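Notes to accompany the following structure.
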Amino acid sequence: MLKLENLSKSFVVHTLAGKVINGCNQVSFDVRPGELLGLAGPSGSGKSSVLKCIYRTYIPTSGTVNYLSKEFGPVDLAQASEHTIVRLRSREIGYVTQFLKVLPRVPAADVVAEPLLWRGVSLEEARKRSVDMLDRLRIPCSLFDACPGTFSGGEQQRVNVARAVIARPRLLLLDEPTASLDRHSVGIIVDILRDLKKEGCTMIGIFHDRNVMESVADRTYEM
Amino acid sequence: MKPLLTVKNLTKMYGSGCLECRDLADLREDSSICPDCGTVFACKDISFDLFPGEVLGVVGESGSGKSTLVKLLNFDMEPSQGEMYVYMNGRADAPSLSAVSVNDNNLFSLSSYQKRQLKNSLWGIVYQSPHLGLKMDISAGGNIAERLLMAGWRHVGRIRERASLLLEKTEVPVSRMDEPPKNFSGGMQQRVQIARALSNKPVLLLLDEVTTGLDVSVQARVLDLIRNLHRELDVSMIVVSHDLSVIRLLTTRTLVLQHGRIVESGLTDQVLEDPQHPYTQLLVSSAL
């Protein structure tokens with residue numbers, strides 16, 4: 001489903017007179033369909049950078065990111081056109097960022113409904129499913145029409161996960177989805193990930209908690 | 001899928017040009033003026049694609065060529081060089097253009113009449129100052145009606161109905177439809193401009209610094225309106241702004257202009273999080 005070969009990312013910081021900062025170096029692994037690969041390693045080793053290179057938030061410096069797309073067939077995400085990436089992001093590839101990117105004034109229920117709207121689901125149906133998802137993640141219903149900018153870290157994290165999983169992506173990238181969560185909430189997320197696995201979703205996840213990672217991941221890649 | 005709009009090598013220069021600046025792939029990095037002949041390149045070699053339903057951001061400092069680009073796209077001025085093609089992709093609701101056959105024709109080579117027809121049927125533009133996009137002395141409804149008349153509408157009842165619908169959509173009280181925009185607040189004037197721009201169901205909406213100068217709460221309301229309209233109407237947009245947070249909020253892809261040239265282009269999140277060009281890095285690090 002996804003194969004990385006010698007992926008490297010370094011940053012040339014012109015505002016620091018061209019200083020080069022390394023993100024990740026020569027990362028290679030593959031992920032089979034329906035598998036959950038855990039990415040492990042110390043802080044600063046480049047785990048988030050790998051996910052961002054796959055999602056194309058970062059442009060890889062070298063290496064290939066071969067993804068088997070339902071719509072386009074085999075695609076090297078590192079070289080694909082912007083239009084292709086936009087399409088893949090809206091249809092096939094989901095991403096749980098490390099921190100929720102808050103859009104001002106957009107209520108939590110709408111944040112979570114949006115990926116469904118982009119897939120052509122009606123407003124009512126999308127809202128209904130979004131509310132069900134938020135409920136499942138134990139977000140109090142009084143917060144459904146509040147902007148997540150004011151939520152606690154753990155609540156923001158749960159909205160973030162809801163937003164990424166609701167549209168059932170084929171490939172899901174997870175950057176610390178259980179950070180800031182209490183044991184009960186972690187359990188709910190783990191259940192959701194297991195359900196996604198059963199439905200055939202392929203996933204790559206960074207988990208700071210080794211125990212959680214080992215309970216969901218099929219294999220691990222050490223940075 | 002073919003792009004809705006393809007622009008190639010769009011150039012606007014003031015001056016005659018010379019051998020040095022015509023052939024040089026890159027003028028001096030820090031200027032838009034040719035050192036030999038003094039020709040000013042307001043836009044040089046601008047090329048990009050815009051797909052249906054996409055929002056393209058154009059960001060750059062004052063004098064980078066952003067507004068010139070919009071004026072060229074809107075046929076408000078003639079380019080020195082360049083081609084523009086629009087491809088309708090068989091959209092069922094695309095306004096019909098009996099006078100112009102658009103596919104495969106370089107739009108800049110059309111006659112003025114044809115350009116006006118095209119502009120009135122396919123494009124919509126919202127300027128930074130409502131005074132540029134509205135006639136302040138005729139009613140809000142009249143401003144919208146004027147545009148519909150230019151696009152070929154003739155039935156007064158239907159024109160009025162559409163005007164009311166649009167004002168409602170842009171949150172302008174329909175009861176004030178017959179008042180002139182000079183009586184409205186800045187934010188409301190801007191929203192009337194948006195209503196007018198959308199009246200003919202354009203496939204492309206050009207937004208030139210539409211929230212610059214508005215109070216934050218008013219700016220927020222206009223931006224939210226644009227986001228919602230984009231989703232509901234599936235219209236492609238080109239959003240020009242020097243404000244990165246507007247770009248971040250509204251756009252999927254971004255062009256960064258400096259001295260009339262595109263120095264970087266990419267997915268908006270990539271341009272903001274992994275800027276490659278020194279100027280983009282400076283811009284991103286300067287955001288408050």
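We label chains A, B, ... in the order they appear in the structure tokens, count residues from 1 in each chain, and number ligands from 1 in the order shown.
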With a cut-off of 6 Å, could you pull out the residues of chain B touching chain A and give me the nearest pair of atoms for each, distance in Å to one decimal, using only C-alpha atoms, ordered by chain and ascending number, as a Markdown table?
```
| residue | atom | partner | partner_atom | distance |
| --- | --- | --- | --- | --- |
| B:Asp269 | CA | A:Thr57 | CA | 5.8 |
| B:Gln270 | CA | A:Thr57 | CA | 4.4 |
| B:Asp274 | CA | A:Tyr58 | CA | 5.5 |
| B:Pro278 | CA | A:His14 | CA | 5.3 |
```
Same residues, N, CA and C atoms, output as a PDB file, in the first residue's frame:
```pdb
ATOM      1  N   ASP B 269      -0.509  24.461   2.968  1.00  0.00           N
ATOM      2  CA  ASP B 269       0.104  24.026   4.221  1.00  0.00           C
ATOM      3  C   ASP B 269       1.604  23.816   4.037  1.00  0.00           C
ATOM      4  N   GLN B 270       1.998  23.384   2.829  1.00  0.00           N
ATOM      5  CA  GLN B 270       3.435  23.202   2.591  1.00  0.00           C
ATOM      6  C   GLN B 270       4.155  24.546   2.517  1.00  0.00           C
ATOM      7  N   ASP B 274       6.715  24.495   5.304  1.00  0.00           N
ATOM      8  CA  ASP B 274       8.007  24.096   4.745  1.00  0.00           C
ATOM      9  C   ASP B 274       8.356  25.021   3.583  1.00  0.00           C
ATOM     10  N   PRO B 278      13.831  31.771   0.024  1.00  0.00           N
ATOM     11  CA  PRO B 278      14.192  32.689   1.119  1.00  0.00           C
ATOM     12  C   PRO B 278      13.117  33.742   1.392  1.00  0.00           C
TER      13      PRO B 278
END
```
| request: Find the residues around range 34-39 of chain A up to 8 Å (only C-alpha atoms counted), leave out those fewer than 5 positions away in its own chain, and share them as a PyMOL selection string. | output: chain A and resi 47+197-207+213+216-223
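Every residue of range 15-85 of chain B with a DSSP assignment of strand (DSSP E), taken from the backbone, is listed as Val40, Phe41, Ala42, Cys43, Lys44, Asp45, Ile46, Ser47, Phe48, Asp49, Leu50, Val55, Leu56, Gly57, Val58, Val59, Gln81, Gly82, Glu83, Met84 and Tyr85 of chain B.
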| What residues in range 53-90 of chain A get the DSSP label helix (DSSP H, G or I)? Please answer as a list in words. |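 Residues meeting the helix (DSSP H, G or I) criterion: Cys53, Ile54, Tyr55, Glu82, His83, Thr84, Ile85, Val86, Arg87, Leu88, Arg89 and Ser90 of chain A.
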Create the file for the chosen residues now, containing C-alpha atoms and written as a short mmCIF file (atom, residue, chain, number, x, y, z; two decimals), in the first residue's frame.
```cif
data_model
loop_
_atom_site.label_atom_id
_atom_site.label_comp_id
_atom_site.auth_asym_id
_atom_site.auth_seq_id
_atom_site.Cartn_x
_atom_site.Cartn_y
_atom_site.Cartn_z
CA CYS A 53 6.60 14.05 4.06
CA ILE A 54 4.01 11.38 3.27
CA TYR A 55 1.19 13.93 3.53
CA GLU A 82 -0.38 19.43 -6.27
CA HIS A 83 -3.75 18.68 -7.78
CA THR A 84 -3.24 14.95 -7.30
CA ILE A 85 -2.28 15.48 -3.67
CA VAL A 86 -5.33 17.66 -3.03
CA ARG A 87 -7.53 14.94 -4.48
CA LEU A 88 -5.84 12.18 -2.48
CA ARG A 89 -6.14 14.18 0.73
CA SER A 90 -9.84 14.69 0.24
#
```
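Taking CA of Trp123 in chain B and CA of Met237 in chain B as the two end points, the separation is 9.8 Å.
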| request: Enter the distance from CA of Leu267 in chain B to CA of Asp224 in chain B, in Å, rounded to one decimal. | output: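 Separating CA of Leu267 in chain B from CA of Asp224 in chain B is a distance of 20.9 Å.
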| said: Just checking: using only C-alpha atoms, which residue out of A:Ser185, A:Lys3, A:Val112, A:Ala179 ends up closest to Asn66 in chain A? | reply: A:Lys3
| task | Might you pull out every residue within 10 Å of Met150 in chain B, with only C-alpha atoms counted and same-chain residues fewer than 5 positions away left off, and present them as a ChimeraX atom specification? | result | /B:116-117,119-121,145,200
Could those residues be written to a file, using N, CA and C atoms, as a PDB file, in the first residue's frame?
```
ATOM      1  N   ARG B 116     -15.597  41.318 -22.801  1.00  0.00           N
ATOM      2  CA  ARG B 116     -16.621  41.849 -21.883  1.00  0.00           C
ATOM      3  C   ARG B 116     -17.711  40.815 -21.645  1.00  0.00           C
ATOM      4  N   GLN B 117     -18.110  40.140 -22.726  1.00  0.00           N
ATOM      5  CA  GLN B 117     -19.128  39.080 -22.608  1.00  0.00           C
ATOM      6  C   GLN B 117     -18.656  38.008 -21.646  1.00  0.00           C
ATOM      7  N   LYS B 119     -16.276  38.150 -19.377  1.00  0.00           N
ATOM      8  CA  LYS B 119     -16.130  38.678 -18.024  1.00  0.00           C
ATOM      9  C   LYS B 119     -17.473  38.728 -17.314  1.00  0.00           C
ATOM     10  N   ASN B 120     -18.499  39.154 -18.035  1.00  0.00           N
ATOM     11  CA  ASN B 120     -19.806  39.280 -17.406  1.00  0.00           C
ATOM     12  C   ASN B 120     -20.492  37.951 -17.173  1.00  0.00           C
ATOM     13  N   SER B 121     -20.163  36.952 -17.986  1.00  0.00           N
ATOM     14  CA  SER B 121     -20.825  35.665 -17.767  1.00  0.00           C
ATOM     15  C   SER B 121     -20.038  34.706 -16.893  1.00  0.00           C
ATOM     16  N   ALA B 145     -28.624  44.019 -10.036  1.00  0.00           N
ATOM     17  CA  ALA B 145     -29.430  43.953 -11.256  1.00  0.00           C
ATOM     18  C   ALA B 145     -28.618  44.365 -12.477  1.00  0.00           C
ATOM     19  N   ASN B 200     -24.177  36.292 -11.312  1.00  0.00           N
ATOM     20  CA  ASN B 200     -24.309  35.567 -12.574  1.00  0.00           C
ATOM     21  C   ASN B 200     -23.747  34.157 -12.498  1.00  0.00           C
TER      22      ASN B 200
END
```
